[in-house]
Every structure is written in C-alpha cells, then in structure tokens.
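Below is one structure, written out as structure tokens; the observations come after it.
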Amino acid sequence: MSSEPNPPAGRRRLSPGRRRATPSGAGQGRVRWKRFAIMFVPAVALTAGLLALTANGALAASFSISGQQGETMADSLTGQGFQQFGTADVANSANGNALQPVVESEIDSAQITNLCQSVVETLPLGLGTITLKIKGGNNGTQATATSLIIDANQLSGSTATFETIQQGIDNKALKHATPALAGNGNFSQQATSISITDLKEVAYSTEAGTFTLPGFSMSLSTGDNSCFPGGPTNNFHL
Amino acid sequence: MTDDIQSAEFGGPVPAEAGGPVGPAAVAKTGTAIGRGWRRYRAWRRSRPFWAGIWLIIAGAELLLIPLPIHSMGVILHIGIGGISGILIGAILIALGLLLWFHPVQRMFYSIVAVLLAIAALVASNLGGFLLGTILGIIGASLGFAWMPGRPERRRARRRRLSTGPDEPDDTAINLGPSASEDVCPNSDAADADATVEETGVSASDAAPESVSAFTPAESDWGRLDPSWGAADSGGASAGPRPTAGYAQAGPRHARRHGPSAPRHHIRPHRGTVIGGNVLVGLISLLSFGLINLSPTPSPSQSPDPPAAATPDPSASAAASPSPNPSASPAGSPSPSPTAPPGQGPAASASPTPTPTPTPTGTPPPFAVATAQSTLTASSATLAGFAYDGVVTVPTASGSQQMMEFSATSIDLSGTKLDVAEGGTTMTATASSLDFSGNVILYATQLSGSVGPLSVTITPGNAVATLLQILAQLGLSQSVTQAFPLTLSNVTTQQPYIAANGLTATALLIS
C-alpha cells in the first residue's frame, strides 16, 4: 500500500512509548457481550431444536464410545443382519489398560424398545461418583440404530431368537469383515435376524452409525444409578 | 500508568481472569523474571481471543476422547463413521482454538466454522460429546466471535465525554500533542505518523470517499488489533491499540479530512453496520447449516428401510439364486442349489447362508469353519429327524479338516454351555435351552452322549459312526427319530458348527 514507508516511521516514533505501554497490555481486546449473544443465542436455540428433533426420533445421532465400560439394557431388541465373534479391546479396567476379551456383536439395523444406557464414573479428587444415563424408545416408538457395533464382555437375554443362524463359523467367513485383531479361525456366529428380550450387556465400546432416539432423555446424576445393578464403575482418567 | 490502566481494565467484563488483579500486581512489584514472563504472557493473552481458544480446545479434546480414549491409541478396533466424525470434529475444533490464538485476524471465520462444527457434533458425535462438547464449543466460538481488539472502556469514556460536550480533540484521532494523556487517547502518535500518508495517499481515497468511509470502521478495527499478530512487529505501535502502522491509515486519514468530530460520527454507524453484517453472516450460516442439517432428517428414518426395501423376493426367485439381493455384495453366496430364499423375512437373502437343505451326503460346506477350540455341552439333547451324513472335508483357516456331518429337523438342547478358547482367553456362553429347528446341520469332530445307561462316542470313522451311517443311508434314523425323537444326556460336542433355520435360546448369558 501507499503507506509502506509509514510504519517504520511510526514504529520508530512509538518505540519509546511501547516499552512503557507493553506491560499494561498493548493491543488488548475485550469480549463484547452483545456480540457474544449474537452468536451464542442462535447457536443454543439451534442446539435445542436439534435436541428436540432427536427426542422426536426425527433426527439420528451417531455414537462412538470406547474405553469406558457402559451398560446397555433394553426390553427388547430386534435386529437384521447379525454377527458375533470374540475379539479383544484395550480398555480401562481395574488392572490397568489391558486387552480385554470381548464379544463383538454387529447388527446392521436394530429396533430397540425401552433402551437405557449408562456409564458410571468415579471422579478423581474424591469428587464422588456420577452416572450418565441415556434413555430412548420408551414411549411407544422404538429407537432404531444402524451399523450397531457393541463390544461386550457380558451379554444376557431372557430369550433370544435367531433366524438362519450359523454357529461356529470362522470369523473370516462372516458377512462383514472382522477387524485384524480378531485374528482368523475364531469361533463366531451370524444370523439373518435376531430378537432378544430383556437384553442386558456390559460393553467396552458402543458404536452406531445412526441412532434415532424417540423419547430421548439424558441425565447426569451423582452416585451409581446405572441401568441395572451390578455393573462396572470406571475410574476417570485419560 | 501501569497501575491506572490495570485497575481500569479489571473493571471490564473479562471472564475468568480472577487471578489477574492479584497476581500480576504483586509480581510486577518484585520485578522478577517470573514477573516479566507473566506480564508478557498476560499481554499475549489479552491481545487475542484467548479464552475462546481455550474453550474450543477443551471442547475439541472432549469430542475427540470419547471415541478415541488416549490409552487405547494404537489399537483402534473399529472406527466407524461415528468415531471418524468425532475425531475429525474434535481435531478441527482444537485447530480452530489454536488458530484463534495464533491467527486472530480471521477470528470471525474461525468462530463461525467452530460454532457450526460444535452444533454438527450434536448429530455426528455422541450427541456432541453428551452435550458438553457442543456447549463448550458454542461458548468458545461465541467468545471468539465477540472478541474485539481495543478496550470498551474508552468507548464508554468517549460516550460520557460526548454527553458532557467538551474535550473533543482529546477524544479523536486528531490529537496533535503526543503528550496529551496517552492513556486516554493513544492514537496521537499514529495520527501524527499519518501525516506522511496524507501526502502520498490522499488521491486514492479522494476518488471515492464514501466507499472508503464504508470500510473505515473495519480498517480502524484492524488498526486497533495487536500488531504482534503481524509477523515482524510484535509489540509495535503499542502506544495505542488503534492505529497500527499497516492498517490504520484509513481511519486517521479520514479523521483528518473531516475534522475532529468526523471520526466519531463515522465510526459509530459503521461499527453498527459491521456488527450487523457479521450478524447477518452468522445468521445466514447458522440458518443454512440448519437447513443442511435438517434436510438429512428423512434419511435416517429411511435408512432402516433399505433392508426392508431390499426384499425383491420375487425378482430374487426369478433371477438365478447366486445373487438374489442387489444390495448384498457377498459374491460367495453359497447356494448352488436353486432353493429360493425361504420366506424367512426380509433380510434372509442378504447373508451367505448355506440354506441348509437336505444336502447330499458328505457335501463340504462352502465356507470356513472355526478352528478355535470350542466345546458345546448340554445336559440333554433331543434329536428329531436325525441322521449321520458321513465325513466331510471342511475348509478351515488352517487347511481343511475331516469332520462329521449330522442333519436333523430339530435339535433341542437344554442346560447348554459353550466354551470357546481363543487368543489365550475363554469365552463362555450358557443358556438354559437352545432349540435349533429347521434344516439343522451339525459339523463336529467328536460327539458323545448317553442313551439311557449306554454312553456313545462318535468320531469320524469309528464303529458307531459307521453303524449310524448305514442306518442313515437306509433312511431309518431319520424316520425313526422323526417319529420318536432320540434323547441323549450329557452331550459333548467338540468343535461344533451348527446351522439352522431358527434358534431360540432362553436365559442366554455370554461372558
């Protein structure tokens, strides 16, 4: 710009003052709270709107949680495209971060009634225990999930019905490729559809490509208020 | 001077600087190296949207760590779209936080991108890290958006002075006396410096004064930015935030031309329009994001459908069975027999099931059977339509293996326990009952059980196996056990593979 010669001059002239001025914070800035509201308020409104859509089951969320043990409970789960095999997860557990054997269940699409998921966390510095709980699909509309992948170290159901099941198949022969860590030659099973009632599982990781959660609610409470008693408690650390 | 300004500053509405007033003041007196470092850090911090960056970095880290805990780095089993988006959004938010620190000139852009990502995380990543990441991100982005260089106090002071009337020169860029209270109006130097610009650059601005004035506020804003943002002149022009060397010419030049009162006149409305413009941009981006984001709404509800939609059973039966399903990619669909997928519901045709029909004796399965050591035990087993089909060569991961093939119309097990040992660990599945029905096929390396007092063990090629095979070939075992199901107790099966049209398990527990 035409001002090219100017800055040096200005700077030179300013330099004595600068030394005094710098400590007090030259070139300081401030947050203008009106401007803050200009972005904050619409953003929060939009967030609330998206949450409302989620709670209506109109909007699907994507989930991927790992490293913490969480509980999942559902009155019923029906799914299409099911496969299950044994593998291992690195997980935060009582005996350190070690490889934990897990049963990985993969369901292409699932419909879930009365879903409850919880993570119990013991905070450091004696801050106590907190429980994060998510519920959905409990007001007549089922929650749905696609590409559901659950690595559980404990899984139970009062009744489980499978259609077109193959039990004892090599995990490499499954419909969907399995992770490298699962090795090959391992015992696995697959079915075209599955239906489980009174599902309870303790999972090291949960992932869902899309998850619609009609009647969604999320709560954070102190103490151990997990979905079903006897679940694991995580010790919070990174 | 230092003290004055400090106290004035801390009257301002800066969040979370609680430690500031005490710490620096105390340290400043000591004048230690720590004190100098602290002052330098503080100057650095105040000259950029520091807290905005902090919030964004925390938000990003939170979003990042839920799908990717730091301790499982290196062994990532599955990173699906949820994990990827969480990591991506988290990483970008962290980057934007850092950019707010180190390149604050573009803070509007960074803030808008950050707020959009923070909201997108709600859908894309664990409900925005269980809302926490989204909220932190929105706060950080809004702080970045709201941060402006310069001190609002001065504006207030200016307003106050305006209402009282006098003292104008002190207030504007035309302060010819450099000595006149730098604190209040540090612009004087630059205004002076600008005199040189006046000579060289007037003509340019002369051409279109209005358009220049339209940009003036922005320019003067930039002029007030901390010069340390620019590469070389860190700390330069510090006497006043306003007229930094490179950018400030428009404002002061303008001021000069229009006289003392002009800048105020101009700056006010323009500042308004700039904010308005930013609001507009922000709202448009938010709205467009909203639209973008809302538009996929139908797709999730559709997504469960494809399996259902992929039920062109008629077409599947019309077409040859090898690829009954357009969506199903498994080319190795092992149904050489043209048994159209039985009416097993929509997804039945999607998996490479062997469609266990009464296969000819000794047909090897077209898929690999697990080699892991597995044992299925049951306190009792009831077999209907049971037959021993002979020894087949079964492909496994470690070469082929001789296994016995049994078929049945149903196998009902009770008190079952399946132990699988693999990778040094044992997985156990128990169930009070396992009822296999419809075209049951069982492969095993060994099958044993007791019929009444008689205990039987069948291995490939032993006497019992031979006997059973003869019975089966005569068609006796199937028809007899169909009419009178055979009940075995204390059944043990080694390395079982079982396929069936249906399985019902009760009290299933896998651990």
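Residues are referred to by chain and number: the chain letter is A, B, ... according to the order shown in the structure tokens, the number counts from 1 in that chain, and ligands are numbered separately from 1 in the order shown.
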Range 168-171 of chain A surroundings by only C-alpha atoms, 10 Å radius, close-in-sequence under 3 positions cut, as number ranges by chain
A: 83-87, 165, 174-179, 182-190; B: 367-372, 374, 395-397, 420, 442-444, 495-499
Leu136 in chain B environment, 7 Å, only C-alpha atoms, sequence neighbours closer than 3 positions dropped, as a ChimeraX atom specification:
/B:55-56,59,132-133,139-140
Figure out the distance between CA of Gln117 in chain A and CA of Lys133 in chain A, please, to one decimal in Å.
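Interatomic distance here is 5.6 Å.
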Just checking: using only C-alpha atoms, which residue out of A:Met218, A:Ala88, A:Lys135, A:Gln80 ends up closest to Gly129 in chain B?
A:Met218
Which residue out of A:Gly136, A:Pro124, A:Gly79, A:Gly215 has the minimum interatomic distance to Leu148 in chain A when only C-alpha atoms are used?
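So, comparing all the options, the nearest one is A:Gly79.
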Identify which of the residues A:Cys227, A:Ile150, A:Ala37, A:Ala160 lies closest to Ser64 in chain A, counting only C-alpha atoms when measuring atom-to-atom distances.
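Closest to Ser64 in chain A, using only C-alpha atoms: A:Ile150.
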Enumerate as a PyMOL selection string all residues of range 4-188 of chain A assigned to strand (DSSP E) by DSSP on the backbone, naming them with the chain letters and numbers the document uses.
chain A and resi 29-31+60-93+96-113+115-122+129-136+143-170+187-188
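One distance worth recording is that between CA of Thr416 in chain B and CA of Thr459 in chain B, which is 20.9 Å.
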Would you mind listing what lies within 6 Å of Ala55 in chain A as a PyMOL selection string, with only C-alpha atoms counted and same-chain residues fewer than 2 positions away left out?
chain A and resi 52-53+57+213-216
Output N, CA, C and O atoms of each residue in that selection to a file, as a compact mmCIF listing (two decimals), in the first residue's frame.
```txt
# COMPACT_ATOMS: atom_id res chain seq x y z
N ALA A 52 -34.53 -31.38 20.24
CA ALA A 52 -35.95 -31.68 20.18
C ALA A 52 -36.24 -32.65 19.04
O ALA A 52 -37.01 -33.60 19.19
N LEU A 53 -35.59 -32.41 17.91
CA LEU A 53 -35.78 -33.32 16.77
C LEU A 53 -35.28 -34.72 17.13
O LEU A 53 -35.88 -35.72 16.77
N GLY A 57 -37.32 -38.44 17.50
CA GLY A 57 -36.92 -39.53 16.63
C GLY A 57 -36.78 -39.10 15.19
O GLY A 57 -36.63 -39.92 14.30
N LEU A 213 -33.49 -41.74 18.61
CA LEU A 213 -33.86 -41.98 20.00
C LEU A 213 -35.15 -41.24 20.33
O LEU A 213 -35.13 -40.23 21.02
N PRO A 214 -36.28 -41.72 19.84
CA PRO A 214 -37.53 -41.06 20.23
C PRO A 214 -37.72 -41.15 21.73
O PRO A 214 -37.40 -42.18 22.34
N GLY A 215 -38.20 -40.08 22.30
CA GLY A 215 -38.35 -40.04 23.75
C GLY A 215 -37.02 -39.95 24.45
O GLY A 215 -36.89 -40.34 25.60
N PHE A 216 -36.06 -39.39 23.72
CA PHE A 216 -34.70 -39.31 24.24
C PHE A 216 -34.62 -38.50 25.52
O PHE A 216 -35.21 -37.44 25.64
```
Provide the CA of Gly385 in chain B to CA of Gly502 in chain B distance in Å, to one decimal place.
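We find that CA of Gly385 in chain B and CA of Gly502 in chain B lie 15.7 Å from each other.
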Proximity to chain A - best of B:Leu471, B:Val451, B:Leu434, B:Leu488, only C-alpha atoms
B:Leu434
Calculated over only C-alpha atoms, which of the candidates B:Ser380, B:Ser111, B:Asn126, B:Ser400 has the smallest distance to chain A?
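Checking each of B:Ser380, B:Ser111, B:Asn126, B:Ser400 against chain A, counting only C-alpha atoms, the winner is B:Asn126.
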Could you check which of A:Gln154, A:Ser219, A:Thr122, A:Thr113 is closest to chain B, using only C-alpha atoms?
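Answer, going by the shortest atom-to-atom distance: A:Gln154.
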